[in-house]
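> So that you have it, the file is work-v2.tsv, and it contains TSV, C-alpha atoms:
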chain	number	residue	atom	x	y	z
H	1	MET	CA	135.88	37.87	107.21
H	2	ASN	CA	135.51	36.53	110.74
H	3	PRO	CA	132.74	33.90	111.09
H	4	LYS	CA	132.44	34.66	114.80
H	5	GLN	CA	131.15	38.10	113.94
H	6	ASN	CA	128.23	36.80	111.91
H	7	LEU	CA	126.47	33.47	112.47
H	8	TRP	CA	124.80	33.67	109.06
H	9	ILE	CA	127.92	33.90	106.91
H	10	THR	CA	130.33	31.02	107.45
H	11	ASN	CA	133.70	30.88	105.79
H	12	PRO	CA	136.07	28.10	106.94
H	13	HIS	CA	138.61	29.13	104.29
H	14	PRO	CA	138.96	32.93	104.23
H	15	HIS	CA	140.29	34.32	100.97
H	16	PRO	CA	140.85	38.06	101.42
H	17	GLN	CA	142.56	38.32	98.01
H	18	ALA	CA	139.52	36.98	96.15
H	19	LYS	CA	137.82	39.53	93.95
H	20	ALA	CA	134.40	37.89	94.30
H	21	ARG	CA	132.30	35.84	96.72
H	22	LEU	CA	129.95	32.93	96.20
H	23	PHE	CA	127.15	32.65	98.78
H	24	CYS	CA	125.67	29.14	99.03
H	25	LEU	CA	122.18	28.41	100.35
H	26	PRO	CA	121.10	24.93	101.52
H	27	TYR	CA	118.14	22.67	100.83
H	28	ALA	CA	115.41	21.99	103.42
H	29	GLY	CA	116.98	20.55	106.55
H	30	GLY	CA	120.45	21.09	105.11
H	31	GLY	CA	123.34	23.15	106.31
H	32	THR	CA	126.76	24.43	105.42
H	33	HIS	CA	128.25	20.90	105.29
H	34	SER	CA	127.00	20.53	101.70
H	35	PHE	CA	129.52	23.18	100.64
H	36	ARG	CA	132.39	22.50	103.02
H	37	ARG	CA	134.88	21.50	100.28
H	38	TRP	CA	133.76	23.86	97.53
H	39	SER	CA	136.55	26.35	98.18
H	40	GLU	CA	139.06	23.67	97.15
H	41	HIS	CA	137.48	23.56	93.68
H	42	LEU	CA	136.81	27.30	93.37
H	43	PRO	CA	140.13	28.73	94.58
H	44	HIS	CA	139.66	32.11	92.91
H	45	LEU	CA	136.51	32.82	94.94
H	46	GLU	CA	135.67	33.26	98.59
H	47	VAL	CA	133.04	30.59	99.15
H	48	CYS	CA	130.58	31.61	101.88
H	49	PRO	CA	127.99	28.98	102.90
H	50	ILE	CA	124.93	30.48	104.59
H	51	GLN	CA	124.04	29.02	107.99
H	52	LEU	CA	120.31	29.34	108.64
H	53	PRO	CA	118.75	29.29	112.13
H	54	GLY	CA	117.74	25.90	113.52
H	55	ARG	CA	120.78	23.89	112.44
H	56	GLU	CA	124.47	23.37	113.16
H	57	ARG	CA	125.86	26.13	115.38
H	58	ARG	CA	122.41	27.76	115.36
H	59	LEU	CA	120.51	24.67	116.46
H	60	SER	CA	119.10	26.42	119.52
H	61	GLU	CA	117.55	29.19	117.40
H	62	ALA	CA	114.00	28.90	116.10
H	63	PRO	CA	113.90	28.23	112.35
H	64	PHE	CA	111.93	30.52	110.08
H	65	THR	CA	108.57	29.39	108.71
H	66	SER	CA	108.08	32.51	106.56
H	67	LEU	CA	110.30	33.08	103.54
H	68	LYS	CA	109.60	36.81	103.62
H	69	GLN	CA	110.81	37.12	107.21
H	70	LEU	CA	113.87	34.99	106.48
H	71	ILE	CA	114.82	37.17	103.51
H	72	GLN	CA	114.57	40.34	105.58
H	73	ALA	CA	116.81	38.93	108.31
H	74	LEU	CA	119.28	37.41	105.84
H	75	THR	CA	119.56	40.69	103.94
H	76	GLU	CA	120.54	42.56	107.08
H	77	ALA	CA	123.22	39.94	107.79
H	78	ILE	CA	124.64	39.73	104.29
H	79	LEU	CA	124.82	43.42	103.39
H	80	PRO	CA	128.22	44.04	105.03
H	81	PHE	CA	129.66	41.29	102.80
H	82	LEU	CA	128.44	42.73	99.52
H	83	ASP	CA	131.46	45.00	99.28
H	84	ARG	CA	132.83	43.04	96.34
H	85	PRO	CA	131.22	41.27	93.34
H	86	PHE	CA	129.24	38.18	94.31
H	87	ALA	CA	127.11	35.33	93.01
H	88	LEU	CA	124.40	33.25	94.68
H	89	PHE	CA	123.96	29.47	94.57
H	90	GLY	CA	120.98	27.69	96.10
H	91	HIS	CA	119.84	24.08	95.99
H	92	SER	CA	116.12	23.23	96.21
H	93	MET	CA	114.80	25.48	99.01
H	94	GLY	CA	118.07	27.37	98.75
H	95	GLY	CA	117.32	28.22	95.12
H	96	LEU	CA	114.06	29.85	96.10
H	97	ILE	CA	115.78	31.77	98.90
H	98	ALA	CA	118.50	32.95	96.50
H	99	PHE	CA	115.91	34.14	94.00
H	100	GLU	CA	113.85	36.10	96.53
H	101	LEU	CA	117.00	37.48	98.14
H	102	THR	CA	118.05	38.85	94.74
H	103	ARG	CA	114.63	40.45	94.29
H	104	PHE	CA	114.69	41.97	97.77
H	105	LEU	CA	118.17	43.41	97.20
H	106	ARG	CA	116.91	44.99	93.97
H	107	GLN	CA	113.79	46.39	95.61
H	108	ASN	CA	115.91	48.12	98.23
H	109	HIS	CA	118.60	49.38	95.81
H	110	HIS	CA	121.35	47.14	97.18
H	111	PRO	CA	124.12	45.46	95.13
H	112	GLN	CA	122.94	42.71	92.77
H	113	PRO	CA	124.58	39.33	92.16
H	114	LEU	CA	126.59	38.89	88.99
H	115	HIS	CA	125.02	35.44	88.54
H	116	LEU	CA	122.18	33.45	90.09
H	117	PHE	CA	122.63	29.65	90.22
H	118	VAL	CA	119.56	27.57	91.08
H	119	SER	CA	119.81	23.83	91.57
H	120	GLY	CA	117.08	21.21	91.96
H	121	CYS	CA	114.52	24.01	92.15
H	122	ARG	CA	111.45	24.56	89.96
H	123	ALA	CA	110.85	28.02	88.56
H	124	PRO	CA	109.17	30.18	91.24
H	125	GLN	CA	106.14	31.09	89.12
H	126	LEU	CA	105.14	27.41	88.98
H	127	SER	CA	102.83	26.12	91.68
H	128	SER	CA	104.19	23.25	93.76
H	129	PRO	CA	102.28	19.95	93.51
H	130	LEU	CA	102.89	19.45	97.22
H	131	SER	CA	101.65	21.98	99.74
H	132	HIS	CA	100.91	20.10	102.94
H	133	LEU	CA	103.94	17.98	103.84
H	134	HIS	CA	104.78	20.16	106.84
H	135	THR	CA	101.38	19.32	108.36
H	136	LEU	CA	101.71	15.53	108.10
H	137	ALA	CA	102.00	13.27	111.14
H	138	ASP	CA	105.56	12.25	111.98
H	139	ALA	CA	105.35	8.79	110.39
H	140	GLU	CA	103.97	10.16	107.10
H	141	PHE	CA	106.42	13.04	107.11
H	142	LEU	CA	109.35	10.67	107.55
H	143	GLN	CA	108.06	8.52	104.69
H	144	GLU	CA	108.07	11.56	102.41
H	145	LEU	CA	111.64	12.32	103.47
H	146	ARG	CA	112.61	8.79	102.45
H	147	ARG	CA	111.12	9.39	99.01
H	148	TYR	CA	113.31	12.45	98.52
H	149	ASN	CA	116.35	10.28	99.30
H	150	GLY	CA	118.22	13.12	100.96
H	151	THR	CA	118.32	11.89	104.56
H	152	PRO	CA	120.30	8.74	105.46
H	153	GLU	CA	118.16	5.86	106.74
H	154	ALA	CA	120.35	5.69	109.86
H	155	VAL	CA	119.25	9.24	110.67
H	156	LEU	CA	115.58	8.63	109.87
H	157	THR	CA	115.47	5.62	112.21
H	158	ASN	CA	117.26	7.42	115.06
H	159	THR	CA	114.27	8.54	117.11
H	160	GLU	CA	116.17	10.88	119.42
H	161	LEU	CA	118.02	12.56	116.58
H	162	MET	CA	114.88	13.00	114.51
H	163	GLN	CA	113.12	14.65	117.43
H	164	VAL	CA	115.85	17.29	117.27
H	165	LEU	CA	115.76	17.63	113.47
H	166	LEU	CA	112.02	17.45	112.81
H	167	PRO	CA	111.11	21.00	113.91
H	168	THR	CA	113.63	22.51	111.48
H	169	LEU	CA	112.61	20.17	108.65
H	170	ARG	CA	108.93	21.02	109.16
H	171	ALA	CA	109.71	24.74	109.31
H	172	ASP	CA	111.70	24.56	106.07
H	173	PHE	CA	108.92	22.71	104.27
H	174	ALA	CA	106.38	25.17	105.65
H	175	MET	CA	108.45	28.08	104.35
H	176	VAL	CA	108.52	26.60	100.83
H	177	GLU	CA	104.94	25.32	100.77
H	178	THR	CA	103.43	28.62	101.93
H	179	TYR	CA	105.49	30.67	99.46
H	180	ALA	CA	103.36	32.94	97.29
H	181	TYR	CA	104.98	34.10	94.06
H	182	GLN	CA	104.51	37.78	93.20
H	183	LEU	CA	104.87	39.04	89.63
H	184	GLU	CA	107.83	41.41	89.13
H	185	SER	CA	110.05	42.38	86.23
H	186	PRO	CA	112.78	39.85	85.32
H	187	LEU	CA	116.19	40.05	86.93
H	188	ASP	CA	119.17	41.67	85.22
H	189	CYS	CA	121.67	38.96	86.16
H	190	PRO	CA	122.22	35.70	84.24
H	191	ILE	CA	120.53	32.58	85.61
H	192	THR	CA	121.85	29.04	85.39
H	193	ALA	CA	119.58	26.15	86.42
H	194	TYR	CA	120.79	22.65	87.32
H	195	GLY	CA	118.72	19.51	87.63
H	196	GLY	CA	119.07	15.77	88.20
H	197	LEU	CA	118.26	13.39	85.34
H	198	LYS	CA	116.51	11.06	87.79
H	199	ASP	CA	114.81	13.73	89.89
H	200	LEU	CA	111.20	12.55	90.29
H	201	ASP	CA	109.93	15.96	91.41
H	202	ILE	CA	111.73	18.63	89.37
H	203	THR	CA	111.30	18.13	85.62
H	204	PRO	CA	113.49	19.58	82.84
H	205	GLN	CA	110.61	21.91	81.98
H	206	ASP	CA	110.44	23.10	85.60
H	207	LEU	CA	114.05	24.20	85.15
H	208	ALA	CA	113.58	25.65	81.66
H	209	ASP	CA	110.83	27.91	82.97
H	210	TRP	CA	113.44	29.86	84.94
H	211	GLN	CA	114.32	31.57	81.68
H	212	ILE	CA	111.51	34.11	82.00
H	213	GLN	CA	113.01	35.35	85.26
H	214	THR	CA	115.94	37.09	83.56
H	215	VAL	CA	116.52	39.53	80.72
H	216	ASN	CA	120.10	38.30	80.62
H	217	SER	CA	121.50	34.95	79.52
H	218	PHE	CA	120.01	31.66	80.70
H	219	ALA	CA	121.41	28.12	80.71
H	220	LYS	CA	120.07	24.76	81.88
H	221	TYR	CA	122.11	21.67	82.70
H	222	LEU	CA	120.93	18.16	83.58
H	223	LEU	CA	123.34	16.05	85.60
H	224	PRO	CA	123.29	12.36	86.57
H	225	GLY	CA	121.47	11.63	89.81
H	226	ASP	CA	118.20	12.28	91.64
H	227	HIS	CA	117.13	15.37	93.56
H	228	PHE	CA	120.35	15.28	95.56
H	229	PHE	CA	122.78	15.21	92.63
H	230	LEU	CA	124.34	18.10	94.57
H	231	HIS	CA	126.17	15.36	96.51
H	232	SER	CA	126.28	12.36	94.17
H	233	THR	CA	127.50	14.32	91.13
H	234	GLN	CA	129.29	17.11	92.94
H	235	SER	CA	132.44	16.92	90.82
H	236	LEU	CA	130.52	17.52	87.57
H	237	LEU	CA	128.53	20.34	89.15
H	238	LEU	CA	131.67	22.03	90.41
H	239	GLN	CA	133.35	21.66	87.01
H	240	ASN	CA	130.47	23.54	85.43
H	241	LEU	CA	130.45	26.16	88.17
H	242	THR	CA	134.18	26.67	87.72
H	243	PHE	CA	133.63	27.39	84.04
H	244	LYS	CA	130.74	29.75	84.76
H	245	LEU	CA	132.40	31.54	87.62
H	246	LYS	CA	135.78	32.18	86.02
H	247	THR	CA	134.33	35.43	84.68
H	248	LEU	CA	133.91	36.66	88.28
H	249	ASN	CA	137.64	36.62	88.94
Could you show the structure in this file as structure tokens?


Amino acid sequence: MNPKQNLWITNPHPHPQAKARLFCLPYAGGGTHSFRRWSEHLPHLEVCPIQLPGRERRLSEAPFTSLKQLIQALTEAILPFLDRPFALFGHSMGGLIAFELTRFLRQNHHPQPLHLFVSGCRAPQLSSPLSHLHTLADAEFLQELRRYNGTPEAVLTNTELMQVLLPTLRADFAMVETYAYQLESPLDCPITAYGGLKDLDITPQDLADWQIQTVNSFAKYLLPGDHFFLHSTQSLLLQNLTFKLKTLN
């Protein structure tokens, strides 16, 4: 896999001998950096972080504000890499993208993931209590970002940097907040849902409700930390993923 050939699929540690791939989707405003060391802990897989428009090497590209449009573009980019078994992992916004990507692949008779991992993401059939953050004035929007505790204060107080980041953050929140769930039959693949014990927004029941989205096995795990346990408790998360993903080898 050559990352220069596809800006969507990044792979700093190619593993051509791997029998399976793990595609990783970021949270709102996030990028591939969240997964940069995952290949060290999942050596039997080819870990492929997804780089969305509007960040990192794609900073000059306009971010998507429509989840449907993003899924269509992402599907076109990812199809050439579904030539071996694969799983999807998504945190927060990334969990929703992973879910709808799986549905879209099924609708169009493309290969399906062997496992769907959703992290810090409420079940899609549940309505979000927040639906207007992307429309807030800058000061209010930044205050909400502080509450989520996912953006360092040094970044939030850097006016020039935030002027660069705000359009992508707003677009990501708009994509999630304008999402409209459509009823479909449950997925065939297993689903595992992760959550933070101190997450103030995603409750254990929000995670448990993912169970109706699969006819296969379902598991839920609560880990120490808030909404961004993805970083603070990464070692425990990766231990669990290693156990779950060993069957993909």

> Please work out which residues fall within 10 Å of (121.0, 19.4, 105.1), coordinates as given in the file, with only C-alpha atoms counting, and return them as a PyMOL selection string.

chain H and resi 26-34+55-56+150-151+169

> Which value, in Å to one decimal, gives the distance between atom CA of His44 of chain H and atom CA of Ala98 of chain H?

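Pair atom CA of His44 of chain H / atom CA of Ala98 of chain H returns 21.5 Å.
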
> Looking at only C-alpha atoms, which of H:Pro14, H:Pro224, H:Gly196, H:Pro53 is the one that sits closest to Asp172 of chain H?

H:Pro53

> Within 9 Å of Cys189 of chain H, counting all atoms listed in the file, which residues show up once you throw out same-chain ones fewer than 2 positions away? Write them as a PyMOL selection string, please.

chain H and resi 112-116+186-187+191+214-217

> So the first atom is atom CA of Ser232 of chain H and the second is atom CA of Leu133 of chain H; what is the distance between them in Å, to one decimal place?

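Straight-line distance from atom CA of Ser232 of chain H to atom CA of Leu133 of chain H works out to 25.0 Å.
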
> Can you tell me, as a ChimeraX atom specification, what residues are no more than 10 Å from segment 73-84 of chain H when counting only C-alpha atoms, ignoring any on the same chain fewer than 5 positions away?

/H:1,6-9,18-21,23,48,50-52,64,67-68,97,101-102,104-105,110-113

> Measure the distance from atom CA of Thr242 of chain H to atom CA of Arg106 of chain H in Å and round it to one decimal.

25.9 Å

> Of the candidates H:Arg36, H:His109, H:Arg103, H:Arg170, which shows the shortest atom-to-atom distance to Asp138 of chain H, using all atoms listed in the file?

H:Arg170

> Taking all atoms of segment 68-85 of chain H that the file lists, what box with edges along x, y and z, padded by 6 Å per side, do you get, with centre and edge lengths in Å to one decimal, as AutoDock Vina command-line options?


--center_x 121.2 --center_y 40.0 --center_z 100.8 --size_x 35.2 --size_y 22.0 --size_z 27.0

> Please determine, counting only C-alpha atoms, which residue among H:Asp209, H:Glu100, H:Glu40, H:Glu160 has the shortest atom-to-atom distance to Ile71 of chain H.

H:Glu100

> Given the choices H:Leu96, H:Leu142, H:Leu207, H:Leu223, which gets closest to Leu237 of chain H if the distance is worked out from all atoms listed in the file?

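Ranked by minimum distance to Leu237 of chain H, first place goes to H:Leu223.
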
> So which residues fall inside 9 Å of (109.5, 20.5, 88.3) if we count all atoms listed in the file? Mind giving them as an MDAnalysis selection string?

chainID H and resid 120:123 126 128:129 199:207

> With all atoms listed in the file as the basis for distance, which of H:Glu46, H:Ser39, H:Arg57, H:Leu88 is at the shortest distance from Gln17 of chain H?

H:Glu46

> Of the candidates H:Leu222, H:Ala174, H:Leu136, H:Leu22, which shows the shortest atom-to-atom distance to Ser66 of chain H, using all atoms listed in the file?

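Result for the nearest residue to Ser66 of chain H: H:Ala174.
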
> Which residues come within 7 Å of Tyr148 of chain H, counting only C-alpha atoms, excluding same-chain residues fewer than 3 positions away, as a list in words?

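Returned residues: Glu144, Leu145 and His227 of chain H.
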
> Could you list, as a short mmCIF file (atom, residue, chain, number, x, y, z; two decimals) with C-alpha atoms, in the coordinates of the input, every residue within 7 Å of Gly95 of chain H, counting only C-alpha atoms and ignoring same-chain residues fewer than 6 positions away?


data_model
loop_
_atom_site.label_atom_id
_atom_site.label_comp_id
_atom_site.auth_asym_id
_atom_site.auth_seq_id
_atom_site.Cartn_x
_atom_site.Cartn_y
_atom_site.Cartn_z
CA PHE H 89 123.96 29.47 94.57
CA VAL H 118 119.56 27.57 91.08
CA SER H 119 119.81 23.83 91.57
CA CYS H 121 114.52 24.01 92.15
#
